[in-house]
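Below: my_file-v7.txt (compact mmCIF, C-alpha atoms)
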```txt
# COMPACT_ATOMS: atom_id res chain seq x y z
CA SER A 1 86.20 62.78 93.45
CA ARG A 2 89.08 60.98 95.21
CA LEU A 3 89.11 58.33 92.49
CA ARG A 4 89.33 61.02 89.81
CA VAL A 5 92.37 62.45 91.59
CA ILE A 6 93.93 58.98 91.78
CA PHE A 7 93.23 58.26 88.13
CA GLY A 8 94.65 61.65 87.20
CA MET A 9 97.83 60.80 89.10
CA GLN A 10 97.89 57.48 87.34
CA GLU A 11 99.03 59.02 84.05
CA LYS A 12 101.90 60.78 85.83
CA LEU A 13 102.94 57.55 87.54
CA PHE A 14 102.96 55.61 84.29
CA GLU A 15 105.50 58.03 82.87
CA ASN A 16 107.95 56.88 85.52
CA PRO A 17 109.15 53.28 85.06
CA ASN A 18 109.86 53.01 88.79
CA PHE A 19 106.08 52.96 89.41
CA SER A 20 105.08 50.56 86.63
CA PHE A 21 104.11 47.93 89.22
CA VAL A 22 101.21 50.18 90.26
CA SER A 23 99.72 50.20 86.77
CA MET A 24 97.79 46.93 86.87
CA THR A 25 96.37 47.62 90.33
CA LEU A 26 95.07 51.05 89.36
CA ASN A 27 93.60 49.75 86.12
CA ARG A 28 91.67 47.06 87.97
CA VAL A 29 90.19 49.69 90.31
CA LYS A 30 89.44 52.08 87.47
CA ASP A 31 87.57 49.41 85.52
CA ARG A 32 85.14 49.00 88.42
CA PHE A 33 84.08 52.65 88.40
CA GLU A 34 82.32 54.83 85.90
CA GLN A 35 81.89 58.59 86.12
CA VAL A 36 78.18 59.36 86.36
CA ILE A 37 77.00 62.93 85.85
CA ILE A 38 73.69 63.54 87.56
CA ARG A 39 71.78 66.31 85.85
CA LYS A 40 69.24 68.60 87.50
CA GLU A 41 66.43 66.83 85.61
CA ASP A 42 67.59 63.43 86.87
CA THR A 43 67.74 64.65 90.45
CA ALA A 44 64.29 66.23 90.22
CA TYR A 45 62.85 63.00 88.80
CA VAL A 46 64.32 60.86 91.58
CA VAL A 47 63.10 63.30 94.24
CA SER A 48 59.58 63.48 92.82
CA GLU A 49 59.27 59.70 92.27
CA ARG A 50 61.07 58.33 95.32
CA ILE A 51 60.54 60.88 98.10
CA LEU A 52 57.64 63.08 97.04
CA LYS A 53 55.55 60.68 94.96
CA LYS A 54 51.84 61.54 94.89
CA ASN A 55 48.71 59.97 93.47
CA SER A 56 46.31 61.79 91.15
CA GLU A 57 44.01 62.91 93.96
CA GLN A 58 46.88 64.40 95.93
CA LYS A 59 48.19 66.21 92.85
CA ALA A 60 44.76 67.69 92.19
CA LYS A 61 44.54 69.07 95.74
CA ILE A 62 48.04 70.55 95.54
CA ARG A 63 47.32 72.07 92.13
CA GLU A 64 44.16 73.70 93.47
CA HIS A 65 46.08 75.02 96.47
CA LEU A 66 48.96 76.51 94.45
CA GLN A 67 46.74 78.13 91.84
CA LYS A 68 45.67 80.65 94.49
CA PHE A 69 49.26 81.97 94.62
CA CYS A 70 50.28 81.87 90.96
CA SER A 71 49.68 85.62 90.65
CA LEU A 72 52.48 86.28 93.14
CA TYR A 73 55.36 84.58 91.37
CA THR A 74 56.80 84.80 87.88
CA ASN A 75 56.42 81.59 85.82
CA MET A 76 54.61 79.61 88.52
CA SER A 77 51.59 79.26 86.24
CA GLU A 78 53.75 78.01 83.36
CA GLN A 79 55.65 75.57 85.61
CA LEU A 80 52.71 74.58 87.79
CA GLU A 81 53.04 70.85 87.09
CA GLU A 82 56.69 70.91 88.17
CA TYR A 83 55.70 72.68 91.38
CA VAL A 84 52.99 70.05 91.95
CA GLU A 85 55.37 67.12 91.35
CA LEU A 86 57.98 68.48 93.77
CA PHE A 87 55.64 70.00 96.37
CA PRO A 88 56.50 71.08 99.03
CA ILE A 89 60.04 71.50 97.62
CA HIS A 90 60.66 74.46 95.31
CA PRO A 91 62.20 73.54 91.91
CA ALA A 92 64.88 76.18 92.58
CA TYR A 93 65.99 74.15 95.62
CA ILE A 94 67.34 71.41 93.38
CA ASP A 95 68.83 73.84 90.86
CA VAL A 96 70.80 75.72 93.54
CA PHE A 97 71.72 72.55 95.44
CA ASN A 98 73.41 71.13 92.36
CA LYS A 99 75.61 74.24 92.12
CA ILE A 100 77.00 74.12 95.67
CA TYR A 101 80.56 72.95 95.13
CA ILE A 102 80.93 71.26 98.53
CA ILE A 103 77.86 69.04 98.26
CA GLU A 104 77.57 65.68 96.53
CA ASN A 105 74.35 65.11 94.61
CA ARG A 106 73.34 62.18 96.77
CA HIS A 107 73.09 64.52 99.77
CA ILE A 108 70.03 66.20 98.30
CA LEU A 109 68.03 62.99 98.74
CA LYS A 110 69.07 62.71 102.38
CA ASN A 111 68.41 66.38 103.03
CA ILE A 112 64.95 66.46 101.45
CA SER A 113 64.04 63.25 103.27
CA GLU A 114 64.99 64.94 106.54
CA ILE A 115 62.92 68.03 105.69
CA ILE A 116 59.85 65.95 104.84
CA ARG A 117 60.27 63.83 107.96
CA ASN A 118 60.20 66.99 110.10
CA ILE A 119 56.98 68.35 108.58
CA LEU A 120 55.15 65.12 107.85
CA ASP A 121 52.52 65.65 110.53
CA GLU A 122 51.92 69.32 109.76
CA GLU A 123 48.92 70.60 107.83
CA VAL A 124 49.45 72.38 104.52
CA PRO A 125 48.79 76.07 105.30
CA GLU A 126 45.62 77.36 103.70
CA ALA A 127 46.72 80.99 103.53
CA ALA A 128 50.32 80.48 102.34
CA PRO A 129 52.05 78.54 99.54
CA GLY A 130 53.83 76.26 102.02
CA ILE A 131 56.80 75.82 99.68
CA ILE A 132 60.30 75.11 101.01
CA SER A 133 63.28 76.44 99.09
CA PHE A 134 67.08 76.47 99.23
CA ASP A 135 67.27 78.94 102.13
CA SER A 136 66.22 76.01 104.33
CA TYR A 137 69.52 74.28 103.55
CA TRP A 138 71.58 76.94 105.33
CA PRO A 139 71.10 75.46 108.85
CA PHE A 140 72.43 72.11 107.56
CA ILE A 141 75.59 73.82 106.27
CA LYS A 142 75.98 76.01 109.36
CA ASP A 143 75.61 73.10 111.80
CA ASN A 144 77.93 70.72 109.93
CA TYR A 145 81.31 71.39 111.51
CA SER A 146 83.13 69.20 109.00
CA TYR A 147 82.51 71.91 106.40
CA ARG A 148 84.43 74.44 108.51
CA ALA A 149 87.69 72.90 107.29
CA ASP A 150 87.02 74.79 104.06
CA VAL A 151 88.18 78.37 104.71
CA ASN A 152 85.60 79.80 102.30
CA ILE A 153 82.71 78.05 104.01
CA LYS A 154 84.03 79.05 107.42
CA GLU A 155 84.13 82.71 106.38
CA VAL A 156 80.62 82.66 104.91
CA VAL A 157 79.24 80.95 108.04
CA GLU A 158 80.91 83.48 110.36
CA LYS A 159 79.80 86.58 108.45
CA SER A 160 76.30 85.23 107.89
CA GLY A 161 76.06 84.48 111.61
CA LEU A 162 76.94 88.09 112.44
CA LEU A 163 74.18 89.34 110.15
CA GLU A 164 71.66 86.91 111.61
CA ASP A 165 72.50 88.00 115.17
CA ILE A 166 72.02 91.67 114.30
CA ILE A 167 68.67 90.99 112.61
CA ASN A 168 67.43 88.94 115.57
CA ARG A 169 68.39 91.71 118.00
CA SER A 170 67.67 94.90 116.11
CA PHE A 171 65.38 94.47 113.11
CA PRO A 172 62.83 97.30 113.37
CA LYS A 173 59.75 95.54 111.95
CA LYS A 174 58.79 92.33 113.72
CA LEU A 175 56.39 91.32 110.95
CA TYR A 176 59.16 91.42 108.34
CA LYS A 177 61.87 89.73 110.43
CA PRO A 178 61.20 86.15 109.16
CA LEU A 179 61.55 87.40 105.57
CA ALA A 180 64.82 89.16 106.43
CA LEU A 181 66.24 85.95 107.92
CA GLN A 182 65.10 83.92 104.91
CA ILE A 183 66.88 86.35 102.60
CA ILE A 184 70.13 86.21 104.59
CA HIS A 185 70.03 82.40 104.57
CA ALA A 186 69.36 82.37 100.82
CA LEU A 187 72.21 84.79 100.07
CA SER A 188 74.51 82.67 102.27
CA VAL A 189 73.66 79.49 100.35
CA HIS A 190 73.96 81.28 97.02
CA ARG A 191 77.41 82.58 97.99
CA LEU A 192 78.62 78.96 97.89
CA THR A 193 77.35 78.40 94.33
CA THR A 194 79.59 80.94 92.62
CA GLY A 195 82.87 79.03 92.91
CA ASP A 196 84.65 82.18 94.07
CA ILE A 197 83.10 83.78 97.16
CA SER A 198 84.44 87.19 96.12
CA ILE A 199 82.55 87.30 92.81
CA ARG A 200 80.05 90.17 92.61
CA SER A 201 77.17 87.89 91.74
CA GLY A 202 73.93 87.39 93.60
CA LEU A 203 70.15 87.48 93.39
CA THR A 204 67.74 90.25 92.44
CA SER A 205 64.74 91.08 94.57
CA GLU A 206 62.63 89.34 91.93
CA ASN A 207 64.81 86.22 92.18
CA LEU A 208 64.42 86.20 95.95
CA ARG A 209 60.65 86.65 95.73
CA ASP A 210 60.18 83.87 93.15
CA ASP A 211 62.92 81.38 94.08
CA LEU A 212 62.03 81.41 97.77
CA CYS A 213 58.28 81.87 97.29
CA LEU A 214 58.47 84.64 99.88
CA TYR A 215 55.11 85.33 101.45
CA LEU A 216 53.71 87.60 104.14
CA ASP A 217 50.56 86.67 106.03
CA GLY A 218 47.70 89.11 105.81
CA MET A 219 48.62 90.81 102.54
CA PRO A 220 45.63 92.85 101.36
CA GLU A 221 46.08 91.66 97.78
CA LEU A 222 47.80 88.70 96.11
CA ASP A 223 49.72 90.75 93.57
CA SER A 224 53.33 90.21 92.48
CA GLU A 225 54.12 93.93 92.37
CA PHE A 226 52.75 94.45 95.86
CA LEU A 227 54.79 91.52 97.19
CA GLN A 228 57.81 92.85 95.30
CA SER A 229 57.54 96.19 97.09
CA ILE A 230 57.51 94.34 100.43
CA VAL A 231 60.63 92.35 99.51
CA GLN A 232 62.44 95.53 98.46
CA GLN A 233 61.46 97.21 101.74
CA VAL A 234 62.75 94.20 103.70
CA LEU A 235 66.04 94.36 101.80
CA LYS A 236 66.34 98.09 102.50
CA ASP A 237 65.54 97.63 106.20
CA THR A 238 67.99 94.74 106.42
CA MET A 239 70.87 96.75 104.97
CA THR A 240 70.06 99.66 107.27
CA THR A 241 69.85 97.44 110.35
CA VAL A 242 73.25 95.83 109.70
CA SER A 243 74.76 99.19 108.65
CA GLY A 244 75.46 97.74 105.22
CA GLN A 245 77.91 95.18 106.60
CA PHE A 246 78.59 92.16 104.37
CA ILE A 247 75.61 92.84 102.09
CA GLU A 248 76.18 94.59 98.79
CA TYR A 249 73.84 95.83 96.09
CA ASN A 250 75.03 95.95 92.49
CA GLU A 251 73.20 98.81 90.80
CA ASP A 252 74.27 97.59 87.35
CA ASN A 253 72.24 94.37 87.51
CA GLY A 254 70.05 94.84 90.60
CA GLN A 255 71.62 91.89 92.43
CA TYR A 256 72.15 91.56 96.17
CA PHE A 257 75.00 89.39 97.45
CA LEU A 258 77.20 88.76 100.46
CA ASP A 259 80.40 90.81 100.28
CA LEU A 260 82.53 89.21 102.98
CA GLN A 261 85.13 92.00 102.96
CA LYS A 262 82.61 94.80 103.45
CA ASP A 263 82.72 95.27 107.21
CA ILE A 264 82.10 99.03 107.06
CA ASP A 265 79.61 100.61 104.65
CA PHE A 266 80.43 104.30 104.69
CA ASP A 267 77.56 105.21 102.36
CA GLU A 268 75.09 103.60 104.76
CA LYS A 269 76.65 105.36 107.75
CA ILE A 270 76.31 108.70 105.94
CA THR A 271 72.68 107.93 105.16
CA GLN A 272 71.99 107.04 108.80
CA LYS A 273 73.74 110.19 110.04
CA ALA A 274 71.85 112.41 107.60
CA ALA A 275 68.53 110.90 108.65
CA ILE A 276 68.85 112.30 112.18
CA LEU A 277 70.15 115.79 111.30
CA ASP A 278 67.76 118.68 111.83
CA ASP A 279 67.47 121.42 109.20
CA SER A 280 69.76 123.87 110.97
CA ASN A 281 72.62 121.37 111.28
CA LEU A 282 72.05 120.16 107.73
CA ASN A 283 72.31 123.75 106.47
CA ARG A 284 75.45 124.32 108.50
CA TYR A 285 77.17 121.28 107.03
CA PHE A 286 75.97 122.23 103.57
CA PHE A 287 77.47 125.71 103.78
CA ASP A 288 80.73 124.29 105.15
CA VAL A 289 80.98 122.04 102.09
CA VAL A 290 80.19 124.91 99.72
CA TYR A 291 82.75 127.14 101.44
CA TYR A 292 85.39 124.43 101.16
CA CYS A 293 84.67 123.55 97.52
CA LEU A 294 84.79 127.16 96.38
CA GLU A 295 88.02 127.76 98.30
CA TRP A 296 86.71 130.96 99.82
CA ASP A 297 88.78 133.03 102.18
CA GLN A 298 86.09 135.59 102.99
CA SER A 299 84.89 136.15 106.51
CA GLU A 300 81.24 136.00 107.46
CA HIS A 301 79.49 139.33 106.93
CA VAL A 302 77.63 138.75 110.19
CA THR A 303 79.28 136.63 112.83
CA ASN A 304 77.81 133.11 113.23
CA PHE A 305 75.62 133.61 110.17
CA LYS A 306 76.53 132.02 106.85
CA ILE A 307 76.23 135.33 105.02
CA TYR A 308 79.02 136.73 102.89
CA GLU A 309 79.57 139.90 100.92
CA HIS A 310 79.61 139.38 97.18
```
Could the structure of this file be written out as structure tokens, please?
Amino acid sequence: SRLRVIFGMQEKLFENPNFSFVSMTLNRVKDRFEQVIIRKEDTAYVVSERILKKNSEQKAKIREHLQKFCSLYTNMSEQLEEYVELFPIHPAYIDVFNKIYIIENRHILKNISEIIRNILDEEVPEAAPGIISFDSYWPFIKDNYSYRADVNIKEVVEKSGLLEDIINRSFPKKLYKPLALQIIHALSVHRLTTGDISIRSGLTSENLRDDLCLYLDGMPELDSEFLQSIVQQVLKDTMTTVSGQFIEYNEDNGQYFLDLQKDIDFDEKITQKAAILDDSNLNRYFFDVVYYCLEWDQSEHVTNFKIYEH
């Protein structure tokens, strides 16, 4: 990227005769470099052949293992061979990684190598897909202090950290907490793929279910709709736990995303307040609103009772 900046400046320099002596030097450097665009397919091929290469017997075992979970995720059956080639890495990992504007493509090889090194001695879980997706990259971003020089990354890291702290301290359902943290990490990574961190773009509950291969131990049935209902409940509980801070839901497209300016969610506070009102207080507030909206000036027919002459 630095060379592209230099070569871009080169044209400006050539327009000024005072810098003509630089021309030959820059041309010699430029001739030694070629811009190489690494596509998602190229990256996936290198990962599958260099880091995650498997023989036929291994592929057969992985295929048999994943077939048990195909009913949970959209398109897993159709893309089963791609899942097998990249196992235990989710194909979406590479797709999202290539969209993060701060990361060079070569880093994906280093990162996946590190992930595999950390789990190399672990058994493949029998009762879970065992697939690792792009949410796992968030700790690498969060712990790399060199990225904090970018004000956008710094803001996402800080706000995501606040959400994570609240979930760890206050999430009401212990069984669902790992899913809630996975979702926050995924939304944090995705926030860095949009170019502009203020864009109202995110992931649907279906995207989160499929692209993270979310899974809950002990589900009574391996059904995508059942798992979808769990994911939606986790999202609802997450937004309630954090009082709607920094997480937004776009009703127009069903997407959830980090809204870094949303430090107070008044709708969520109203919902929480209403949830603890008893019927008598709820009625009192209701009649106060009616009285105000109708601009009445009548007095109560019976003191302390919301009864009026008509």
Separation of atom CA of Ile94 of chain A from atom CA of Cys70 of chain A, in Å and rounded to one decimal
20.2 Å
Counting all atoms listed in the file, the residue of A:Ile270, A:Leu80, A:Ala127, A:Ile166 that sits nearest Ala60 of chain A:
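Comparing A:Ile270, A:Leu80, A:Ala127, A:Ile166 against Ala60 of chain A, the winner is A:Leu80.
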Atom CA of Asp237 of chain A and atom CA of Gln261 of chain A, how far apart in Å?
20.6 Å
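Take the candidates A:Ser198, A:Ser299, A:Ser205, A:Asn144 and check each one against Glu225 of chain A using only C-alpha atoms; the shortest distance goes to A:Ser205.
Straight-line separation from atom CA of Phe257 of chain A to atom CA of Glu114 of chain A: 27.9 Å.
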Excluding Ile89 of chain A and its own-chain neighbours fewer than 2 positions away, which residues fall within 9 Å of it when counting only C-alpha atoms? Please give them as a VMD selection string.
chain A and resid 52 83 85 to 87 91 to 94 112 130 to 134
All heavy atoms restored at segment 148-159 of chain A, emitted as a short mmCIF file (atom, residue, chain, number, x, y, z; two decimals), in the frame of the given file:
```cif
data_model
loop_
_atom_site.label_atom_id
_atom_site.label_comp_id
_atom_site.auth_asym_id
_atom_site.auth_seq_id
_atom_site.Cartn_x
_atom_site.Cartn_y
_atom_site.Cartn_z
N ARG A 148 83.64 73.29 108.08
CA ARG A 148 84.43 74.44 108.51
C ARG A 148 85.90 74.29 108.12
O ARG A 148 86.66 75.25 108.21
CB ARG A 148 84.34 74.61 110.03
CG ARG A 148 82.93 74.72 110.57
CD ARG A 148 82.27 76.01 110.20
NE ARG A 148 80.93 76.11 110.75
CZ ARG A 148 80.66 76.59 111.95
NH1 ARG A 148 81.62 77.02 112.74
NH2 ARG A 148 79.40 76.65 112.38
N ALA A 149 86.31 73.08 107.74
CA ALA A 149 87.69 72.90 107.29
C ALA A 149 87.95 73.69 106.01
O ALA A 149 89.10 74.04 105.72
CB ALA A 149 87.97 71.41 107.05
N ASP A 150 86.90 73.96 105.25
CA ASP A 150 87.02 74.79 104.06
C ASP A 150 87.00 76.25 104.50
O ASP A 150 86.01 76.72 105.08
CB ASP A 150 85.85 74.49 103.11
CG ASP A 150 85.98 75.20 101.77
OD1 ASP A 150 86.16 76.44 101.77
OD2 ASP A 150 85.88 74.54 100.73
N VAL A 151 88.07 76.99 104.22
CA VAL A 151 88.18 78.37 104.71
C VAL A 151 87.08 79.26 104.14
O VAL A 151 86.61 80.20 104.80
CB VAL A 151 89.57 78.96 104.39
CG1 VAL A 151 90.65 78.23 105.19
CG2 VAL A 151 89.88 78.89 102.89
N ASN A 152 86.66 78.99 102.90
CA ASN A 152 85.60 79.80 102.30
C ASN A 152 84.28 79.60 103.02
O ASN A 152 83.56 80.57 103.32
CB ASN A 152 85.45 79.44 100.81
CG ASN A 152 86.62 79.92 99.98
OD1 ASN A 152 87.29 80.89 100.33
ND2 ASN A 152 86.88 79.24 98.88
N ILE A 153 83.96 78.34 103.31
CA ILE A 153 82.71 78.05 104.01
C ILE A 153 82.75 78.64 105.41
O ILE A 153 81.77 79.23 105.88
CB ILE A 153 82.45 76.53 104.08
CG1 ILE A 153 82.33 75.96 102.67
CG2 ILE A 153 81.21 76.22 104.89
CD1 ILE A 153 82.26 74.47 102.62
N LYS A 154 83.88 78.51 106.07
CA LYS A 154 84.03 79.05 107.42
C LYS A 154 83.77 80.55 107.43
O LYS A 154 83.07 81.07 108.31
CB LYS A 154 85.42 78.76 107.94
CG LYS A 154 85.65 79.25 109.36
CD LYS A 154 87.06 78.93 109.84
CE LYS A 154 87.29 79.45 111.25
NZ LYS A 154 88.68 79.17 111.71
N GLU A 155 84.30 81.25 106.43
CA GLU A 155 84.13 82.71 106.38
C GLU A 155 82.68 83.08 106.12
O GLU A 155 82.14 84.00 106.75
CB GLU A 155 85.03 83.31 105.30
CG GLU A 155 85.00 84.83 105.30
CD GLU A 155 86.03 85.44 104.38
OE1 GLU A 155 86.67 84.70 103.61
OE2 GLU A 155 86.19 86.67 104.43
N VAL A 156 82.03 82.37 105.20
CA VAL A 156 80.62 82.66 104.91
C VAL A 156 79.76 82.40 106.14
O VAL A 156 78.87 83.19 106.47
CB VAL A 156 80.12 81.81 103.71
CG1 VAL A 156 78.62 82.03 103.49
CG2 VAL A 156 80.87 82.17 102.43
N VAL A 157 80.02 81.29 106.84
CA VAL A 157 79.24 80.95 108.04
C VAL A 157 79.42 82.02 109.11
O VAL A 157 78.44 82.46 109.74
CB VAL A 157 79.67 79.57 108.59
CG1 VAL A 157 79.08 79.33 109.98
CG2 VAL A 157 79.22 78.47 107.63
N GLU A 158 80.65 82.48 109.31
CA GLU A 158 80.91 83.48 110.36
C GLU A 158 80.23 84.81 110.03
O GLU A 158 79.57 85.40 110.91
CB GLU A 158 82.42 83.68 110.51
CG GLU A 158 83.13 82.50 111.16
CD GLU A 158 84.63 82.70 111.24
OE1 GLU A 158 85.14 83.67 110.62
OE2 GLU A 158 85.31 81.86 111.89
N LYS A 159 80.37 85.28 108.80
CA LYS A 159 79.80 86.58 108.45
C LYS A 159 78.28 86.52 108.40
O LYS A 159 77.59 87.45 108.81
CB LYS A 159 80.37 87.05 107.09
CG LYS A 159 81.88 87.18 107.07
CD LYS A 159 82.38 88.17 108.09
CE LYS A 159 83.90 88.17 108.24
NZ LYS A 159 84.66 88.41 107.01
#
```
